[in-house]
>>> print(open('query-v2.txt').read())   # compact mmCIF, C-alpha atoms
# COMPACT_ATOMS: atom_id res chain seq x y z
CA MET A 129 -8.39 27.58 -4.30
CA PRO A 130 -9.38 25.91 -1.03
CA HIS A 131 -12.25 27.26 1.04
CA SER A 132 -11.01 25.94 4.40
CA TYR A 133 -7.88 26.97 6.22
CA GLY A 134 -8.17 24.78 9.31
CA TYR A 135 -5.48 23.00 11.27
CA ARG A 136 -5.83 19.82 9.16
CA ALA A 137 -6.75 21.49 5.87
CA ARG A 138 -5.51 19.75 2.69
CA THR A 139 -4.32 16.58 4.49
CA ARG A 140 -6.73 14.11 2.88
CA HIS A 141 -3.97 11.98 1.38
CA LYS A 142 -1.16 12.90 3.77
CA PHE A 143 -2.90 11.58 6.90
CA ALA A 144 -4.71 8.68 5.15
CA ARG A 145 -3.99 5.24 6.62
CA ASP A 146 -2.50 2.50 4.45
CA PHE A 147 -4.73 -0.12 2.82
CA ARG A 148 -5.93 -2.67 5.43
CA LYS A 149 -3.97 -0.88 8.17
CA HIS A 150 -6.89 1.00 9.75
CA GLY A 151 -7.78 0.88 13.41
CA LEU A 152 -5.83 1.33 16.60
CA PRO A 153 -2.02 0.90 16.68
CA ASN A 154 -0.28 -2.29 17.78
CA LEU A 155 0.96 -2.89 21.31
CA LYS A 156 4.55 -2.60 20.05
CA THR A 157 3.94 1.12 19.52
CA TYR A 158 3.41 1.60 23.25
CA LEU A 159 6.17 -0.77 24.40
CA THR A 160 9.07 0.82 22.49
CA THR A 161 11.40 2.88 24.64
CA TYR A 162 12.76 6.25 23.59
CA ARG A 163 15.80 7.88 25.14
CA VAL A 164 17.13 11.40 24.94
CA GLY A 165 19.33 11.71 21.85
CA ASP A 166 17.51 9.05 19.79
CA LEU A 167 16.72 9.81 16.15
CA VAL A 168 13.00 9.44 15.50
CA ASP A 169 10.79 9.72 12.41
CA ILE A 170 7.55 11.63 12.89
CA LYS A 171 4.66 9.93 11.10
CA ALA A 172 1.22 11.07 12.19
CA ASN A 173 -1.24 8.26 12.94
CA SER A 174 -4.65 9.67 12.06
CA ALA A 175 -6.46 7.12 14.27
CA ILE A 176 -5.07 8.89 17.36
CA HIS A 177 -6.06 12.56 17.44
CA LYS A 178 -4.37 13.43 20.73
CA GLY A 179 -0.78 14.62 20.51
CA MET A 180 -0.81 14.65 16.72
CA PRO A 181 1.87 16.86 15.15
CA PHE A 182 1.10 19.63 12.69
CA GLN A 183 1.15 18.50 9.07
CA PHE A 184 4.52 20.15 8.34
CA TYR A 185 6.30 17.75 10.70
CA HIS A 186 4.77 14.61 9.12
CA GLY A 187 7.62 12.59 7.60
CA ARG A 188 10.40 14.59 9.29
CA THR A 189 13.28 13.21 11.34
CA GLY A 190 14.34 14.76 14.63
CA VAL A 191 16.25 14.19 17.85
CA VAL A 192 14.51 13.37 21.15
CA PHE A 193 15.21 16.02 23.80
CA ASN A 194 12.54 15.10 26.38
CA VAL A 195 10.69 11.94 27.35
CA THR A 196 7.40 12.12 29.26
CA GLN A 197 4.89 9.46 30.26
CA ARG A 198 2.98 9.33 26.97
CA ALA A 199 4.95 11.60 24.66
CA VAL A 200 8.41 12.61 23.51
CA GLY A 201 9.86 16.02 22.83
CA VAL A 202 11.55 16.21 19.42
CA ILE A 203 13.83 18.85 17.91
CA VAL A 204 13.04 19.21 14.20
CA ASN A 205 14.76 21.59 11.80
CA LYS A 206 12.43 23.87 9.83
CA THR A 207 13.58 26.03 6.92
CA VAL A 208 12.02 29.49 7.06
CA GLY A 209 13.20 31.81 4.33
CA ASN A 210 16.97 31.55 4.24
CA ARG A 211 17.53 30.19 7.74
CA VAL A 212 17.01 26.90 9.58
CA ILE A 213 15.13 27.06 12.89
CA PRO A 214 15.34 24.14 15.33
CA LYS A 215 11.72 23.67 16.46
CA ARG A 216 10.90 21.85 19.70
CA ILE A 217 7.61 19.93 19.58
CA HIS A 218 6.01 17.35 21.85
CA VAL A 219 4.41 14.41 20.07
CA ARG A 220 2.64 11.37 21.50
CA ILE A 221 4.49 8.09 20.97
CA GLU A 222 1.82 6.82 18.55
CA HIS A 223 3.11 9.36 16.03
CA VAL A 224 6.86 8.58 16.25
CA SER A 225 9.10 5.61 15.44
CA HIS A 226 12.82 4.94 15.66
CA SER A 227 14.62 6.25 12.58
CA LYS A 228 16.52 3.82 10.38
CA SER A 229 18.36 6.60 8.54
CA ARG A 230 21.55 6.11 10.58
CA LEU A 231 21.70 2.30 10.38
CA GLY A 232 23.58 2.27 7.07
CA PHE A 233 26.22 4.64 8.43
CA VAL A 234 26.67 2.65 11.66
CA LYS A 235 27.00 -0.60 9.68
CA ARG A 236 29.60 0.99 7.40
CA VAL A 237 31.62 2.22 10.41
CA GLN A 238 31.65 -1.28 11.92
CA THR A 239 32.81 -2.93 8.68
CA ASN A 240 35.49 -0.25 8.22
CA ARG A 241 36.80 -0.90 11.75
CA LYS A 242 37.10 -4.63 11.03
CA LEU A 243 38.84 -3.99 7.71
CA ALA A 244 41.25 -1.51 9.33
CA GLU A 245 42.14 -3.95 12.13
CA GLU A 246 42.84 -6.77 9.66
CA ALA A 247 44.89 -4.44 7.46
CA ASN A 248 46.96 -3.30 10.46
CA LYS A 249 47.72 -6.91 11.40
CA GLN A 250 48.91 -7.66 7.85
CA GLY A 251 50.64 -4.28 7.47
CA VAL A 252 48.66 -3.40 4.34
CA LYS A 253 46.82 -0.16 3.58
CA VAL A 254 43.15 -0.64 2.63
CA PRO A 255 40.95 2.11 1.11
CA LEU A 256 37.98 2.62 3.46
CA ARG A 257 36.22 5.45 1.64
CA ARG A 258 33.17 4.93 -0.52
CA LEU A 259 33.77 5.17 -4.25
CA PRO A 260 31.34 6.27 -6.95
CA ALA A 261 30.25 3.69 -9.50
CA GLN A 262 33.33 2.81 -11.55
CA PRO A 263 33.27 2.21 -15.32
CA ARG A 264 32.77 -1.37 -16.37
CA ALA A 265 35.72 -3.46 -17.47
CA GLY A 266 36.45 -3.48 -21.20
CA GLU A 267 35.86 -6.51 -23.41
CA ILE A 268 37.36 -7.71 -26.67
CA VAL A 269 34.81 -8.74 -29.30
CA LYS A 270 36.13 -11.41 -31.66
CA THR A 271 34.89 -10.90 -35.21
CA ALA A 272 35.51 -14.50 -36.23
CA LYS A 273 32.33 -15.57 -34.45
CA THR A 274 30.24 -12.46 -35.19
CA SER A 275 29.85 -10.44 -38.33
CA ILE A 276 30.22 -6.66 -38.40
CA VAL A 277 27.05 -4.82 -39.42
CA THR A 278 27.19 -1.20 -40.48
CA VAL A 279 24.03 0.62 -39.44
CA HIS A 280 22.88 3.39 -41.79
CA PRO A 281 19.52 4.92 -42.69
CA ILE A 282 17.46 3.49 -45.56
CA PRO A 283 17.19 5.93 -48.49
CA TYR A 284 13.77 7.52 -48.86
CA VAL A 285 11.98 6.45 -52.07
CA PHE A 286 8.93 8.43 -53.16
CA VAL A 287 6.20 6.10 -54.48
>>> encode(input="query-v2.txt", output="structure tokens")
Amino acid sequence: MPHSYGYRARTRHKFARDFRKHGLPNLKTYLTTYRVGDLVDIKANSAIHKGMPFQFYHGRTGVVFNVTQRAVGVIVNKTVGNRVIPKRIHVRIEHVSHSKSRLGFVKRVQTNRKLAEEANKQGVKVPLRRLPAQPRAGEIVKTAKTSIVTVHPIPYVFV
């Protein structure tokens, strides 16, 4: 049972920096632009204490609702009991990064549009939905090249 119940209690591993990644953040962190409606990942940078989010929000994805000079306002969903509460928090830009969670979806939409346009030109219907992993194609094993081996247990002999 822990003896401390502070604001950063039990975050020894959660807020630890990666190996050989200590020190102040890169200049790219400060030069990235955030716009209202962007999806951002909240990842607390323990080198910067100002504007650090509470440990619950570390690793969460949210939507930017406000942009200030040094920080962004993010709406993050928090499950409390049996309901989901949209929480509004302001976090400095050192602790956020653009989310890549939507890139796969956007890429899939673009490829589907191209496939649909080509199919319309040819007058063919193309399935655009994702399919689960299909069973592998069957094979015929020729017994002329391989011999059939019947596998059975060896009888137990008491010595």
>>> residues_around(input="query-v2.txt", residues="segment 135-144 of chain A", least_positions_apart="6", cutoff="12 Å", atoms="only C-alpha atoms", output="list of chain:residue names")
A:Met129, A:His150, A:Gly151, A:Lys171, A:Ala172, A:Asn173, A:Ser174, A:Ala175, A:Ile176, A:His177, A:Met180, A:Pro181, A:Phe182, A:Gln183, A:Phe184, A:Tyr185, A:His186, A:Gly187, A:His223
>>> atom_distance(input="query-v2.txt", atom1="atom CA of Val202 of chain A", atom2="atom CA of Lys215 of chain A")
8.0 Å
>>> atom_distance(input="query-v2.txt", atom1="atom CA of Arg198 of chain A", atom2="atom CA of Pro214 of chain A")
22.5 Å
>>> atom_distance(input="query-v2.txt", atom1="atom CA of Thr196 of chain A", atom2="atom CA of Leu159 of chain A")
13.8 Å
>>> residues_around(input="query-v2.txt", residues="Val219 of chain A", least_positions_apart="5", cutoff="6 Å", atoms="all atoms listed in the file", output="list in words")
Gly179, Ala199 and Val200 of chain A
>>> axis_aligned_box(input="query-v2.txt", around="segment 210-219 of chain A", padding_each_side="5 Å", output="JSON")
{"center_x": 11.0, "center_y": 23.0, "center_z": 13.0, "size_x": 23.1, "size_y": 27.1, "size_z": 27.6}
>>> closest_residue(input="query-v2.txt", among="A:Lys242, A:Arg188, A:Lys206, A:Lys249", to="Ser227 of chain A", atoms="only C-alpha atoms")
A:Arg188
>>> residues_around(input="query-v2.txt", residues="Val191 of chain A", least_positions_apart="2", cutoff="12 Å", atoms="all atoms listed in the file", output="PDB file with C-alpha atoms, in the frame of the given file")
ATOM      1  CA  TYR A 162      12.760   6.250  23.590  1.00  0.00           C
ATOM      2  CA  ARG A 163      15.800   7.880  25.140  1.00  0.00           C
ATOM      3  CA  VAL A 164      17.130  11.400  24.940  1.00  0.00           C
ATOM      4  CA  GLY A 165      19.330  11.710  21.850  1.00  0.00           C
ATOM      5  CA  ASP A 166      17.510   9.050  19.790  1.00  0.00           C
ATOM      6  CA  LEU A 167      16.720   9.810  16.150  1.00  0.00           C
ATOM      7  CA  VAL A 168      13.000   9.440  15.500  1.00  0.00           C
ATOM      8  CA  ASP A 169      10.790   9.720  12.410  1.00  0.00           C
ATOM      9  CA  ILE A 170       7.550  11.630  12.890  1.00  0.00           C
ATOM     10  CA  ARG A 188      10.400  14.590   9.290  1.00  0.00           C
ATOM     11  CA  THR A 189      13.280  13.210  11.340  1.00  0.00           C
ATOM     12  CA  PHE A 193      15.210  16.020  23.800  1.00  0.00           C
ATOM     13  CA  ASN A 194      12.540  15.100  26.380  1.00  0.00           C
ATOM     14  CA  VAL A 195      10.690  11.940  27.350  1.00  0.00           C
ATOM     15  CA  VAL A 200       8.410  12.610  23.510  1.00  0.00           C
ATOM     16  CA  GLY A 201       9.860  16.020  22.830  1.00  0.00           C
ATOM     17  CA  VAL A 202      11.550  16.210  19.420  1.00  0.00           C
ATOM     18  CA  ILE A 203      13.830  18.850  17.910  1.00  0.00           C
ATOM     19  CA  VAL A 204      13.040  19.210  14.200  1.00  0.00           C
ATOM     20  CA  ASN A 205      14.760  21.590  11.800  1.00  0.00           C
ATOM     21  CA  PRO A 214      15.340  24.140  15.330  1.00  0.00           C
ATOM     22  CA  LYS A 215      11.720  23.670  16.460  1.00  0.00           C
ATOM     23  CA  ARG A 216      10.900  21.850  19.700  1.00  0.00           C
ATOM     24  CA  ILE A 217       7.610  19.930  19.580  1.00  0.00           C
ATOM     25  CA  HIS A 218       6.010  17.350  21.850  1.00  0.00           C
ATOM     26  CA  VAL A 224       6.860   8.580  16.250  1.00  0.00           C
ATOM     27  CA  SER A 225       9.100   5.610  15.440  1.00  0.00           C
ATOM     28  CA  HIS A 226      12.820   4.940  15.660  1.00  0.00           C
ATOM     29  CA  SER A 227      14.620   6.250  12.580  1.00  0.00           C
TER      30      SER A 227
END
>>> residues_around(input="query-v2.txt", residues="Pro255 of chain A", least_positions_apart="5", cutoff="10 Å", atoms="all atoms listed in the file", output="number ranges by chain")
A: 240, 243-244, 247
>>> closest_residue(input="query-v2.txt", among="A:Val269, A:Thr157, A:Leu256, A:Val212", to="Gln238 of chain A", atoms="all atoms listed in the file")
A:Leu256
